[in-house]
file input23.csv (CSV, C-alpha atoms)
chain,number,residue,atom,x,y,z
A,1153,MET,CA,-24.3,24.5,-12.0
A,1154,SER,CA,-21.0,25.4,-10.3
A,1155,ASP,CA,-20.5,28.2,-12.9
A,1156,TYR,CA,-23.3,30.1,-11.1
A,1157,LEU,CA,-22.1,29.4,-7.6
A,1158,PRO,CA,-19.3,31.2,-5.7
A,1159,GLY,CA,-16.5,28.8,-4.8
A,1160,ASP,CA,-17.0,29.1,-1.0
A,1161,VAL,CA,-20.7,28.3,-1.4
A,1162,LEU,CA,-19.9,25.2,-3.5
A,1163,ILE,CA,-17.5,24.0,-0.9
A,1164,GLU,CA,-20.0,24.6,1.9
A,1165,ILE,CA,-22.6,22.5,0.0
A,1166,LEU,CA,-20.2,19.7,-1.0
A,1167,SER,CA,-18.6,19.4,2.4
A,1168,ARG,CA,-22.0,18.4,3.9
A,1169,LEU,CA,-22.5,15.5,1.5
A,1170,PRO,CA,-21.7,11.8,2.2
A,1171,VAL,CA,-18.6,10.3,0.8
A,1172,LYS,CA,-20.4,8.1,-1.8
A,1173,SER,CA,-22.0,11.1,-3.3
A,1174,LEU,CA,-18.7,13.0,-3.5
A,1175,LEU,CA,-17.0,10.0,-5.2
A,1176,ARG,CA,-19.7,10.1,-7.9
A,1177,PHE,CA,-19.4,13.9,-8.3
A,1178,THR,CA,-15.7,13.6,-9.1
A,1179,CYS,CA,-16.9,12.5,-12.6
A,1180,VAL,CA,-19.0,15.7,-13.2
A,1181,CYS,CA,-16.1,17.8,-14.4
A,1182,ARG,CA,-12.4,18.4,-13.9
A,1183,GLN,CA,-13.1,21.3,-11.6
A,1184,TRP,CA,-15.1,19.2,-9.2
A,1185,TYR,CA,-12.6,16.4,-9.3
A,1186,SER,CA,-9.8,18.9,-8.4
A,1187,LEU,CA,-11.9,20.4,-5.6
A,1188,ILE,CA,-13.0,17.1,-4.0
A,1189,THR,CA,-9.5,15.6,-4.1
A,1190,ASN,CA,-7.9,18.7,-2.7
A,1191,PRO,CA,-6.3,18.1,0.8
A,1192,ASN,CA,-7.9,21.3,2.1
A,1193,PHE,CA,-11.4,20.1,1.0
A,1194,ILE,CA,-10.7,16.7,2.4
A,1195,SER,CA,-9.9,18.3,5.8
A,1196,THR,CA,-13.0,20.6,5.6
A,1197,HIS,CA,-15.3,17.6,4.8
A,1198,LEU,CA,-13.8,15.6,7.7
A,1199,ASN,CA,-14.3,18.4,10.2
A,1200,GLN,CA,-17.9,18.7,9.0
A,1201,SER,CA,-18.4,14.9,9.3
A,1202,LEU,CA,-17.0,14.9,12.8
A,1203,SER,CA,-19.2,17.7,13.8
A,1204,ASN,CA,-22.3,15.9,12.4
A,1205,ALA,CA,-21.3,12.7,14.2
A,1206,LYS,CA,-21.5,14.5,17.6
A,1207,ASN,CA,-25.0,15.7,16.9
A,1208,ASP,CA,-26.4,13.2,14.5
A,1209,SER,CA,-28.6,10.4,15.9
A,1210,ASN,CA,-27.4,8.1,13.1
A,1211,GLN,CA,-23.8,7.7,14.3
A,1212,LEU,CA,-21.9,4.7,13.0
A,1213,LEU,CA,-20.2,1.8,14.8
A,1214,LEU,CA,-17.5,-0.4,13.2
A,1215,VAL,CA,-17.9,-4.0,14.2
A,1216,ARG,CA,-15.2,-6.6,13.2
A,1217,HIS,CA,-15.5,-10.3,14.0
A,1218,TYR,CA,-14.1,-13.6,12.6
A,1219,ASN,CA,-16.2,-16.7,12.1
A,1220,MET,CA,-14.0,-19.7,12.5
A,1221,PHE,CA,-16.5,-22.1,10.9
A,1222,GLN,CA,-16.9,-20.0,7.8
A,1223,GLU,CA,-13.3,-18.8,8.0
A,1224,THR,CA,-14.4,-15.3,7.2
A,1225,GLU,CA,-13.4,-11.9,8.7
A,1226,ARG,CA,-16.2,-9.3,8.5
A,1227,PHE,CA,-16.0,-5.6,8.9
A,1228,VAL,CA,-19.5,-4.1,9.2
A,1229,LEU,CA,-20.8,-0.6,9.9
A,1230,HIS,CA,-23.9,-0.5,12.1
A,1231,LEU,CA,-26.2,2.4,13.1
A,1232,ASP,CA,-25.6,3.3,16.8
A,1233,ASP,CA,-29.2,3.6,17.6
A,1234,ASP,CA,-31.9,1.3,19.1
A,1235,SER,CA,-32.2,-0.6,15.8
A,1236,PHE,CA,-28.5,-1.4,15.5
A,1237,ASP,CA,-29.3,-2.0,11.8
A,1238,GLU,CA,-26.5,-2.9,9.4
A,1239,TYR,CA,-25.5,0.2,7.5
A,1240,GLU,CA,-22.9,-1.3,5.2
A,1241,GLU,CA,-20.5,-4.2,5.0
A,1242,LEU,CA,-16.9,-3.1,4.2
A,1243,GLN,CA,-15.2,-5.2,1.5
A,1244,CYS,CA,-11.9,-6.3,2.9
A,1245,SER,CA,-10.0,-8.8,0.7
A,1246,PHE,CA,-6.4,-8.3,1.7
A,1247,ARG,CA,-4.1,-11.4,1.7
A,1248,ILE,CA,-3.2,-12.3,5.2
A,1249,VAL,CA,-0.9,-14.8,7.0
A,1250,ASN,CA,-3.0,-15.1,10.1
A,1251,GLU,CA,-6.7,-15.8,10.4
A,1252,TYR,CA,-7.6,-12.2,10.8
A,1253,PHE,CA,-6.0,-8.8,11.4
A,1254,ARG,CA,-5.2,-7.1,14.6
A,1255,ILE,CA,-6.9,-3.7,14.4
A,1256,VAL,CA,-4.4,-1.2,15.7
A,1257,GLY,CA,-6.9,1.6,15.8
A,1258,THR,CA,-9.4,3.7,13.8
A,1259,CYS,CA,-9.2,7.4,13.2
A,1260,ASN,CA,-11.1,9.8,10.9
A,1261,GLY,CA,-12.3,7.0,8.7
A,1262,LEU,CA,-8.9,5.2,8.5
A,1263,ILE,CA,-8.5,1.7,9.9
A,1264,CYS,CA,-4.9,0.6,10.8
A,1265,LEU,CA,-4.4,-3.2,10.4
A,1266,SER,CA,-1.5,-5.4,11.4
A,1267,ASP,CA,-1.0,-9.0,10.3
A,1268,ASP,CA,0.6,-10.2,13.6
A,1269,TYR,CA,-2.0,-12.0,15.8
A,1270,ASP,CA,-0.4,-15.4,16.0
A,1271,THR,CA,2.4,-15.3,13.4
A,1272,HIS,CA,4.3,-12.0,13.5
A,1273,THR,CA,4.7,-10.3,10.1
A,1274,ASP,CA,5.7,-6.7,9.3
A,1275,THR,CA,2.6,-6.1,7.3
A,1276,ILE,CA,0.9,-2.9,8.4
A,1277,ILE,CA,-1.9,-1.3,6.4
A,1278,LEU,CA,-3.8,2.0,6.5
A,1279,TRP,CA,-7.2,1.4,4.9
A,1280,ASN,CA,-10.1,3.7,4.0
A,1281,PRO,CA,-12.9,1.4,3.0
A,1282,SER,CA,-15.2,4.4,2.1
A,1283,VAL,CA,-13.0,5.3,-0.9
A,1284,ARG,CA,-11.5,1.8,-1.4
A,1285,LYS,CA,-8.0,3.0,-1.0
A,1286,HIS,CA,-5.2,1.7,1.2
A,1287,VAL,CA,-1.5,2.1,1.7
A,1288,ILE,CA,1.0,-0.7,2.8
A,1289,LEU,CA,3.6,0.8,5.1
A,1290,PRO,CA,7.2,0.1,4.3
A,1291,LYS,CA,9.0,-2.5,6.4
A,1292,PRO,CA,9.9,-1.2,9.9
A,1293,GLN,CA,13.5,-0.6,10.9
A,1294,PHE,CA,13.4,-2.8,14.0
A,1295,HIS,CA,12.9,-6.5,13.9
A,1296,CYS,CA,10.7,-8.2,16.5
A,1297,VAL,CA,12.8,-11.2,17.5
A,1298,SER,CA,11.4,-14.4,18.9
A,1299,GLY,CA,10.2,-13.9,22.5
A,1300,GLY,CA,10.0,-10.2,22.1
A,1301,VAL,CA,6.9,-8.0,22.0
A,1302,CYS,CA,5.8,-5.4,19.5
A,1303,LEU,CA,3.2,-2.8,20.3
A,1304,LEU,CA,1.6,-0.4,17.8
A,1305,GLY,CA,-0.4,2.8,18.1
A,1306,PHE,CA,-2.3,4.8,15.4
A,1307,GLY,CA,-3.5,8.3,15.5
A,1308,PHE,CA,-3.7,11.8,13.9
A,1309,ASP,CA,-1.4,14.8,14.3
A,1310,ALA,CA,-4.0,17.6,13.9
A,1311,ILE,CA,-1.3,20.3,13.8
A,1312,ASN,CA,0.5,18.9,10.8
A,1313,ASN,CA,-2.5,17.1,9.2
A,1314,ASP,CA,-0.6,13.9,9.4
A,1315,TYR,CA,-1.5,10.3,10.3
A,1316,LYS,CA,1.1,8.4,12.3
A,1317,VAL,CA,1.9,4.9,13.5
A,1318,VAL,CA,4.2,4.4,16.4
A,1319,ARG,CA,5.9,1.1,16.9
A,1320,ILE,CA,7.5,-0.1,20.2
A,1321,VAL,CA,9.6,-3.2,20.3
A,1322,TYR,CA,10.6,-5.0,23.5
A,1323,GLN,CA,13.2,-7.8,23.7
A,1324,HIS,CA,13.7,-10.3,26.5
A,1325,ASN,CA,16.2,-9.3,29.1
A,1326,ILE,CA,18.3,-12.5,28.9
A,1327,PRO,CA,19.1,-14.4,31.1
A,1328,ASP,CA,16.1,-12.9,33.1
A,1329,ASP,CA,13.3,-14.1,30.8
A,1330,HIS,CA,10.6,-12.7,33.1
A,1331,ASN,CA,11.4,-9.1,32.1
A,1332,TYR,CA,11.9,-7.1,28.9
A,1333,LYS,CA,14.8,-4.8,28.1
A,1334,VAL,CA,14.0,-1.2,29.0
A,1335,PRO,CA,14.0,1.2,27.3
A,1336,PRO,CA,12.5,-0.4,24.2
A,1337,LEU,CA,13.2,0.4,20.6
A,1338,VAL,CA,10.8,3.0,19.2
A,1339,GLU,CA,10.1,4.2,15.7
A,1340,ILE,CA,7.3,6.2,14.0
A,1341,TYR,CA,5.8,6.2,10.6
A,1342,THR,CA,4.3,9.4,9.3
A,1343,GLN,CA,2.0,9.6,6.3
A,1344,ASN,CA,3.5,12.9,5.1
A,1345,SER,CA,7.0,11.4,4.8
A,1346,GLY,CA,6.1,7.8,3.9
A,1347,ASN,CA,9.0,6.6,6.0
A,1348,TRP,CA,9.8,5.1,9.4
A,1349,ARG,CA,12.0,7.3,11.7
A,1350,ASN,CA,14.0,6.2,14.8
A,1351,ILE,CA,12.8,8.0,17.9
A,1352,CYS,CA,14.5,5.7,20.5
A,1353,ASP,CA,15.8,8.8,22.3
A,1354,ILE,CA,12.3,9.4,23.7
A,1355,ALA,CA,11.5,5.7,24.6
A,1356,PRO,CA,9.6,5.2,27.9
A,1357,ASN,CA,11.4,3.7,30.8
A,1358,THR,CA,8.5,1.3,31.4
A,1359,VAL,CA,7.0,-1.9,30.0
A,1360,LEU,CA,3.8,-1.2,28.2
A,1361,TYR,CA,1.0,-3.7,27.7
A,1362,ASN,CA,-2.0,-4.2,25.4
A,1363,PHE,CA,-3.5,-7.4,26.9
A,1364,PHE,CA,-7.1,-6.6,26.0
A,1365,PRO,CA,-6.7,-4.4,22.9
A,1366,LEU,CA,-9.3,-1.7,22.6
A,1367,PRO,CA,-9.4,1.8,20.9
A,1368,GLY,CA,-7.1,4.1,22.9
A,1369,PHE,CA,-6.7,7.3,20.9
A,1370,LEU,CA,-7.9,10.4,22.6
A,1371,ASN,CA,-6.8,14.1,22.8
A,1372,GLY,CA,-4.2,13.6,20.2
A,1373,SER,CA,-2.5,10.7,22.1
A,1374,VAL,CA,-2.4,6.9,22.0
A,1375,HIS,CA,-2.6,5.2,25.4
A,1376,TRP,CA,-1.3,2.0,26.9
A,1377,ILE,CA,-1.3,0.4,30.3
A,1378,GLY,CA,2.3,0.6,31.7
A,1379,SER,CA,4.1,-1.3,34.5
A,1380,GLY,CA,6.4,0.7,36.7
A,1381,GLN,CA,8.8,-2.1,37.3
A,1382,HIS,CA,11.7,0.1,36.1
A,1383,CYS,CA,10.5,3.3,37.7
A,1384,LYS,CA,11.3,4.8,41.1
A,1385,ASP,CA,8.0,3.6,42.4
A,1386,SER,CA,8.1,0.1,40.9
A,1387,SER,CA,5.0,-1.0,42.6
A,1388,ARG,CA,2.6,1.3,40.7
A,1389,ASN,CA,1.0,0.9,37.3
A,1390,LEU,CA,0.5,3.9,35.1
A,1391,ILE,CA,-0.9,5.0,31.7
A,1392,ALA,CA,1.7,5.9,29.0
A,1393,ALA,CA,0.4,8.4,26.5
A,1394,PHE,CA,2.2,9.0,23.3
A,1395,ASP,CA,1.5,12.5,21.9
A,1396,MET,CA,1.2,12.4,18.1
A,1397,VAL,CA,2.1,16.0,17.7
A,1398,ASP,CA,5.1,16.4,20.0
A,1399,GLU,CA,6.1,12.8,19.6
A,1400,VAL,CA,6.9,12.3,23.2
A,1401,PHE,CA,5.6,9.9,25.9
A,1402,ARG,CA,3.9,11.2,29.0
A,1403,ASP,CA,2.7,9.5,32.2
A,1404,ILE,CA,-0.9,9.7,33.4
A,1405,MET,CA,-1.5,8.4,36.9
A,1406,MET,CA,-4.2,5.9,37.9
A,1407,PRO,CA,-6.3,5.7,41.1
A,1408,ASP,CA,-4.4,4.0,43.9
A,1409,ILE,CA,-6.6,0.9,43.7
A,1410,LEU,CA,-5.7,0.4,40.0
A,1411,ALA,CA,-2.1,1.4,40.3
A,1412,LYS,CA,-1.5,-1.6,42.6
A,1413,THR,CA,-3.6,-4.1,40.6
A,1414,ASP,CA,-2.0,-6.8,38.5
A,1415,VAL,CA,-1.3,-5.1,35.2
A,1416,LEU,CA,-2.7,-8.0,33.2
A,1417,LYS,CA,-6.1,-7.3,34.7
A,1418,LEU,CA,-6.3,-3.8,33.2
A,1419,SER,CA,-7.3,-2.5,29.8
A,1420,ILE,CA,-7.3,1.0,28.4
A,1421,SER,CA,-10.1,2.4,26.2
A,1422,VAL,CA,-12.1,5.5,25.4
A,1423,LEU,CA,-15.8,6.0,26.4
A,1424,GLY,CA,-17.2,9.0,24.6
A,1425,THR,CA,-14.6,11.8,25.3
A,1426,SER,CA,-13.2,10.2,28.4
A,1427,LEU,CA,-10.2,8.0,29.0
A,1428,THR,CA,-11.4,4.7,30.4
A,1429,ILE,CA,-9.9,1.7,32.2
A,1430,ILE,CA,-11.5,-1.7,32.4
A,1431,GLN,CA,-10.5,-3.5,35.6
A,1432,TYR,CA,-11.1,-7.3,35.5
A,1433,GLU,CA,-11.4,-9.4,38.6
A,1434,LYS,CA,-9.1,-12.1,37.1
A,1435,ILE,CA,-6.7,-12.3,34.2
A,1436,TRP,CA,-9.0,-14.9,32.6
A,1437,GLN,CA,-12.7,-15.8,33.0
A,1438,SER,CA,-13.6,-13.0,35.5
A,1439,ASP,CA,-16.9,-13.0,37.3
A,1440,TYR,CA,-17.0,-9.2,37.3
A,1441,CYS,CA,-15.3,-6.2,35.8
A,1442,TRP,CA,-15.4,-2.5,36.6
A,1443,VAL,CA,-15.3,0.5,34.2
A,1444,TRP,CA,-13.4,3.6,35.4
A,1445,THR,CA,-13.5,6.9,33.6
A,1446,MET,CA,-11.3,10.0,33.8
A,1447,LYS,CA,-13.8,12.9,33.8
A,1448,GLU,CA,-11.1,15.5,33.2
A,1449,TYR,CA,-8.3,14.4,31.0
A,1450,GLY,CA,-4.9,14.3,32.8
A,1451,LYS,CA,-6.4,15.0,36.3
A,1452,VAL,CA,-5.8,12.0,38.5
A,1453,GLU,CA,-8.4,13.2,41.0
A,1454,SER,CA,-11.2,13.0,38.4
A,1455,TRP,CA,-11.0,9.2,38.1
A,1456,ALA,CA,-14.3,7.6,39.1
A,1457,LYS,CA,-15.8,4.1,39.0
A,1458,LEU,CA,-18.7,4.3,36.5
A,1459,LEU,CA,-20.0,0.7,36.1
A,1460,THR,CA,-19.9,-2.8,37.6
A,1461,ILE,CA,-20.5,-5.5,35.0
A,1462,ASP,CA,-21.6,-9.1,36.0
A,1463,MET,CA,-19.7,-11.5,33.7
A,1464,ARG,CA,-20.7,-14.8,35.3
A,1465,GLU,CA,-22.9,-16.0,32.4
A,1466,GLY,CA,-20.0,-16.7,30.0
A,1467,ILE,CA,-19.0,-13.1,29.2
A,1468,ARG,CA,-15.3,-12.9,28.4
A,1469,LYS,CA,-14.4,-9.3,28.0
A,1470,VAL,CA,-15.4,-5.7,27.1
A,1471,VAL,CA,-14.9,-5.1,23.3
A,1472,GLY,CA,-16.2,-1.5,23.0
A,1473,PHE,CA,-18.7,1.2,23.9
A,1474,ARG,CA,-21.8,2.8,22.4
A,1475,LYS,CA,-23.7,5.9,23.1
A,1476,LYS,CA,-25.4,6.4,26.5
A,1477,ASN,CA,-22.6,4.3,28.2
A,1478,LYS,CA,-23.8,1.1,26.6
A,1479,VAL,CA,-21.1,-1.6,26.8
A,1480,MET,CA,-20.3,-4.1,24.0
A,1481,LEU,CA,-19.3,-7.5,25.4
A,1482,SER,CA,-18.1,-10.8,23.9
A,1483,ALA,CA,-19.6,-14.1,25.3
A,1484,ARG,CA,-18.4,-17.6,25.0
A,1485,VAL,CA,-21.5,-19.0,23.2
A,1486,ARG,CA,-23.8,-16.0,22.5
A,1487,GLY,CA,-21.3,-13.9,20.6
A,1488,LEU,CA,-21.6,-10.1,20.7
A,1489,ILE,CA,-23.8,-8.7,23.5
A,1490,CYS,CA,-24.9,-5.1,24.3
A,1491,TYR,CA,-25.3,-4.3,28.0
A,1492,ASP,CA,-27.4,-1.2,28.8
A,1493,PRO,CA,-26.5,-0.1,32.4
A,1494,ASN,CA,-29.3,2.6,32.3
A,1495,VAL,CA,-31.9,-0.2,32.5
A,1496,GLN,CA,-29.6,-3.1,33.4
A,1497,GLU,CA,-30.7,-5.1,30.4
A,1498,THR,CA,-28.7,-7.3,28.0
A,1499,GLU,CA,-29.3,-7.7,24.3
A,1500,TYR,CA,-28.0,-10.5,22.2
A,1501,LEU,CA,-27.1,-9.1,18.8
A,1502,GLY,CA,-26.8,-12.3,16.8
A,1503,ILE,CA,-23.2,-11.7,15.7
A,1504,HIS,CA,-20.9,-14.6,16.4
A,1505,GLY,CA,-17.2,-15.0,16.2
A,1506,THR,CA,-14.1,-15.9,18.1
A,1507,ASN,CA,-13.9,-13.9,21.4
A,1508,ARG,CA,-10.6,-12.1,20.7
A,1509,SER,CA,-11.7,-11.2,17.1
A,1510,PHE,CA,-14.5,-8.8,18.2
A,1511,TYR,CA,-13.6,-5.2,17.9
A,1512,VAL,CA,-16.1,-2.3,18.2
A,1513,SER,CA,-15.3,1.4,17.6
A,1514,ASN,CA,-17.0,4.6,16.6
A,1515,TYR,CA,-16.6,5.3,12.9
A,1516,VAL,CA,-16.9,8.3,10.6
A,1517,GLU,CA,-16.7,8.1,6.8
A,1518,SER,CA,-14.1,10.3,5.2
A,1519,LEU,CA,-12.1,11.1,2.1
A,1520,ALA,CA,-8.7,10.4,3.8
A,1521,LEU,CA,-6.3,8.7,1.3
A,1522,PHE,CA,-8.4,9.8,-1.6
A,1523,LYS,CA,-6.0,10.4,-4.6
A,1524,GLY,CA,-3.2,9.6,-2.1
A,1525,GLU,CA,-3.3,13.1,-0.6
A,1526,ASN,CA,0.5,13.4,-1.0
A,1527,ARG,CA,3.3,12.0,-3.1
A,1528,ALA,CA,5.1,10.3,-0.1
A,1529,LEU,CA,2.1,8.0,0.4
A,1530,ARG,CA,2.1,6.9,-3.2
A,1531,LEU,CA,5.8,6.3,-3.1
A,1532,ALA,CA,5.4,4.1,0.0
A,1533,SER,CA,2.7,2.1,-1.8
A,1534,SER,CA,4.7,1.6,-4.9
A,1535,GLN,CA,7.5,-0.2,-2.9
A,1536,GLU,CA,5.1,-3.0,-2.1
A,1537,ASP,CA,3.2,-5.6,-4.1
A,1538,PRO,CA,-0.5,-4.9,-4.7
A,1539,ILE,CA,-2.9,-6.7,-2.4
A,1540,GLU,CA,-5.7,-8.6,-4.0
A,1541,GLY,CA,-9.1,-7.0,-4.1
A,1542,GLU,CA,-8.1,-3.4,-3.4
A,1543,THR,CA,-6.9,-0.3,-5.2
A,1544,LEU,CA,-3.6,1.1,-4.2
A,1545,VAL,CA,-3.4,4.8,-3.4
A,1546,SER,CA,-1.3,5.5,-6.5
A,1547,THR,CA,-3.5,4.8,-9.5
A,1548,LYS,CA,-3.1,5.7,-13.2
A,1549,GLU,CA,-5.9,8.3,-12.8
A,1550,ASP,CA,-4.0,9.9,-10.0
A,1551,ARG,CA,-0.8,10.1,-12.0
A,1552,ASP,CA,-2.4,11.3,-15.3
A,1553,GLY,CA,-5.1,13.6,-13.9
A,1554,HIS,CA,-8.9,13.4,-14.4
A,1555,GLY,CA,-10.6,14.6,-17.6
A,1556,THR,CA,-14.1,15.6,-18.2
call {"tool": "encode", "arguments": {"input": "input23.csv", "output": "structure tokens"}}
result
Amino acid sequence: MSDYLPGDVLIEILSRLPVKSLLRFTCVCRQWYSLITNPNFISTHLNQSLSNAKNDSNQLLLVRHYNMFQETERFVLHLDDDSFDEYEELQCSFRIVNEYFRIVGTCNGLICLSDDYDTHTDTIILWNPSVRKHVILPKPQFHCVSGGVCLLGFGFDAINNDYKVVRIVYQHNIPDDHNYKVPPLVEIYTQNSGNWRNICDIAPNTVLYNFFPLPGFLNGSVHWIGSGQHCKDSSRNLIAAFDMVDEVFRDIMMPDILAKTDVLKLSISVLGTSLTIIQYEKIWQSDYCWVWTMKEYGKVESWAKLLTIDMREGIRKVVGFRKKNKVMLSARVRGLICYDPNVQETEYLGIHGTNRSFYVSNYVESLALFKGENRALRLASSQEDPIEGETLVSTKEDRDGHGT
């Protein structure tokens, strides 16, 4: 059929199809395989998928939770509609030291995982479950010593078409064990190079926190709550944004009431297209929390309090957001809960797990990592041992080509 279609028409048709269909179509002929695995087509398909996600009523949510009784970690895609039906369970069978992964972030169908929740390891994985491909990042340059803290951020450099992981390592400022050494050690991994690179020269002069980890990638930057203890105005908190394109840190100011709040009561997130802060009444077991949104990115005067959430019936924390400002919450006994502020109703979703294991994020299926996309990614994978149950980015088919 493709012999009778102009190339641009074929691309237009294929770019609108779901990933599963495209994976099947790679077996049609060599031409289609070459087209679908081409980085330019992968980008075109992604842009089309992102555009559809903005307008499509069947948007997807990624829900991760760990059931301690069954000792299972589940990654499940749900429809973000009134039904909340299960769309697909993602098959994750990586070997792991801890009970479950820390989800660093999700972006364009990729999930960044780190095996460091209780026992620190240097295992960081970029995983695309839609195409059953992953890459294990090479070992970082900087070691996180006992008593230190390691923060990770994951995002996309849209200018260079590159996925990046930034790693920030703090060490205790001995003999003052109540503070960390500032500036920290900072390095960045780029998919296009397949290597870590030292960028300590742009390290922030603040201590960053990720006490309630939530998705924080927006406008090309990863965001963290920061303490100004080493700044001129040491009494103010701030938001530190790392720009994935320019590879620099920038400060974003908070409202005065948040800037003077205990930093451990604050969490950064994204609601729709707005940068969001969740303010808890207490560090642990709050009776209330408040959701603040920045209506215009970077403009401090656009901060506004959007929601007040009553947490007195065993609710522990905010774990994500849905369409129409719906809030996903974890509760001590009832598991995952959806709160609809528009009608002030709560729905119990029947999903149970440990409180800190819940993670909810918007998700779009993509072809990212399909055929490796570049040689550097395959080289990075080849340096590590395969992980059980998954296909490494570099496969025999990728090396030898695909025949008809």
call {"tool": "closest_residue", "arguments": {"input": "input23.csv", "among": "A:Val1374, A:Cys1352, A:Leu1360, A:Leu1214", "to": "Asp1309 in chain A", "atoms": "all atoms listed in the file"}}
result
A:Val1374
call {"tool": "closest_residue", "arguments": {"input": "input23.csv", "among": "A:Ser1298, A:Gln1431, A:Gln1183, A:Thr1498", "to": "His1272 in chain A", "atoms": "all atoms listed in the file"}}
result
A:Ser1298
call {"tool": "atom_distance", "arguments": {"input": "input23.csv", "atom1": "CA of Thr1275 in chain A", "atom2": "CA of Val1321 in chain A"}}
result
15.0 Å
call {"tool": "atom_distance", "arguments": {"input": "input23.csv", "atom1": "CA of Phe1193 in chain A", "atom2": "CA of Ala1205 in chain A"}}
result
18.1 Å
call {"tool": "atom_distance", "arguments": {"input": "input23.csv", "atom1": "CA of Val1452 in chain A", "atom2": "CA of Lys1412 in chain A"}}
result
14.8 Å
call {"tool": "closest_residue", "arguments": {"input": "input23.csv", "among": "A:Asp1233, A:Ile1277, A:Leu1416, A:His1217", "to": "Cys1490 in chain A", "atoms": "all atoms listed in the file"}}
result
A:Asp1233
call {"tool": "closest_residue", "arguments": {"input": "input23.csv", "among": "A:Tyr1341, A:Asp1314, A:Asp1414, A:His1324", "to": "Ile1276 in chain A", "atoms": "all atoms listed in the file"}}
result
A:Tyr1341
call {"tool": "closest_residue", "arguments": {"input": "input23.csv", "among": "A:Tyr1315, A:Tyr1491, A:Phe1522, A:Tyr1332", "to": "Val1470 in chain A", "atoms": "all atoms listed in the file"}}
result
A:Tyr1491
call {"tool": "closest_residue", "arguments": {"input": "input23.csv", "among": "A:Asp1398, A:Asp1439, A:Asp1408, A:Glu1448", "to": "Thr1425 in chain A", "atoms": "all atoms listed in the file"}}
result
A:Glu1448
call {"tool": "residues_near_point", "arguments": {"input": "input23.csv", "point": "(-20.4, 14.1, 11.0)", "cutoff": "10 Å", "atoms": "only C-alpha atoms", "output": "list of chain:residue names"}}
result
A:Arg1168, A:Leu1169, A:Pro1170, A:His1197, A:Leu1198, A:Asn1199, A:Gln1200, A:Ser1201, A:Leu1202, A:Ser1203, A:Asn1204, A:Ala1205, A:Lys1206, A:Asn1207, A:Asp1208, A:Asn1210, A:Gln1211, A:Leu1212, A:Tyr1515, A:Val1516, A:Glu1517, A:Ser1518
call {"tool": "build_atoms", "arguments": {"input": "input23.csv", "residues": "range 1261-1270 of chain A", "atoms": "N, CA, C and O atoms", "output": "PDB file, in the frame of the given file"}}
result
ATOM      1  N   GLY A1261     -11.946   7.799   9.797  1.00  0.00           N
ATOM      2  CA  GLY A1261     -12.300   7.000   8.700  1.00  0.00           C
ATOM      3  C   GLY A1261     -11.229   6.006   8.212  1.00  0.00           C
ATOM      4  O   GLY A1261     -11.477   5.164   7.358  1.00  0.00           O
ATOM      5  N   LEU A1262     -10.027   6.113   8.770  1.00  0.00           N
ATOM      6  CA  LEU A1262      -8.900   5.200   8.500  1.00  0.00           C
ATOM      7  C   LEU A1262      -8.921   4.060   9.479  1.00  0.00           C
ATOM      8  O   LEU A1262      -9.138   4.285  10.671  1.00  0.00           O
ATOM      9  N   ILE A1263      -8.633   2.864   9.002  1.00  0.00           N
ATOM     10  CA  ILE A1263      -8.500   1.700   9.900  1.00  0.00           C
ATOM     11  C   ILE A1263      -7.035   1.217   9.699  1.00  0.00           C
ATOM     12  O   ILE A1263      -6.572   0.978   8.582  1.00  0.00           O
ATOM     13  N   CYS A1264      -6.326   1.092  10.814  1.00  0.00           N
ATOM     14  CA  CYS A1264      -4.900   0.600  10.800  1.00  0.00           C
ATOM     15  C   CYS A1264      -4.951  -0.874  11.145  1.00  0.00           C
ATOM     16  O   CYS A1264      -5.418  -1.266  12.218  1.00  0.00           O
ATOM     17  N   LEU A1265      -4.442  -1.705  10.231  1.00  0.00           N
ATOM     18  CA  LEU A1265      -4.400  -3.200  10.400  1.00  0.00           C
ATOM     19  C   LEU A1265      -3.013  -3.670  10.480  1.00  0.00           C
ATOM     20  O   LEU A1265      -2.116  -3.173   9.801  1.00  0.00           O
ATOM     21  N   SER A1266      -2.830  -4.706  11.302  1.00  0.00           N
ATOM     22  CA  SER A1266      -1.500  -5.400  11.400  1.00  0.00           C
ATOM     23  C   SER A1266      -1.727  -6.872  11.349  1.00  0.00           C
ATOM     24  O   SER A1266      -2.560  -7.425  12.064  1.00  0.00           O
ATOM     25  N   ASP A1267      -0.945  -7.534  10.517  1.00  0.00           N
ATOM     26  CA  ASP A1267      -1.000  -9.000  10.300  1.00  0.00           C
ATOM     27  C   ASP A1267      -0.058  -9.659  11.292  1.00  0.00           C
ATOM     28  O   ASP A1267       0.983 -10.157  10.890  1.00  0.00           O
ATOM     29  N   ASP A1268      -0.415  -9.700  12.589  1.00  0.00           N
ATOM     30  CA  ASP A1268       0.600 -10.200  13.600  1.00  0.00           C
ATOM     31  C   ASP A1268      -0.073 -10.919  14.759  1.00  0.00           C
ATOM     32  O   ASP A1268       0.537 -11.053  15.810  1.00  0.00           O
ATOM     33  N   TYR A1269      -1.316 -11.420  14.589  1.00  0.00           N
ATOM     34  CA  TYR A1269      -2.000 -12.000  15.800  1.00  0.00           C
ATOM     35  C   TYR A1269      -1.302 -13.220  16.314  1.00  0.00           C
ATOM     36  O   TYR A1269      -1.004 -13.298  17.509  1.00  0.00           O
ATOM     37  N   ASP A1270      -1.056 -14.214  15.498  1.00  0.00           N
ATOM     38  CA  ASP A1270      -0.400 -15.400  16.000  1.00  0.00           C
ATOM     39  C   ASP A1270       1.007 -15.563  15.381  1.00  0.00           C
ATOM     40  O   ASP A1270       1.946 -15.923  16.083  1.00  0.00           O
TER      41      ASP A1270
END
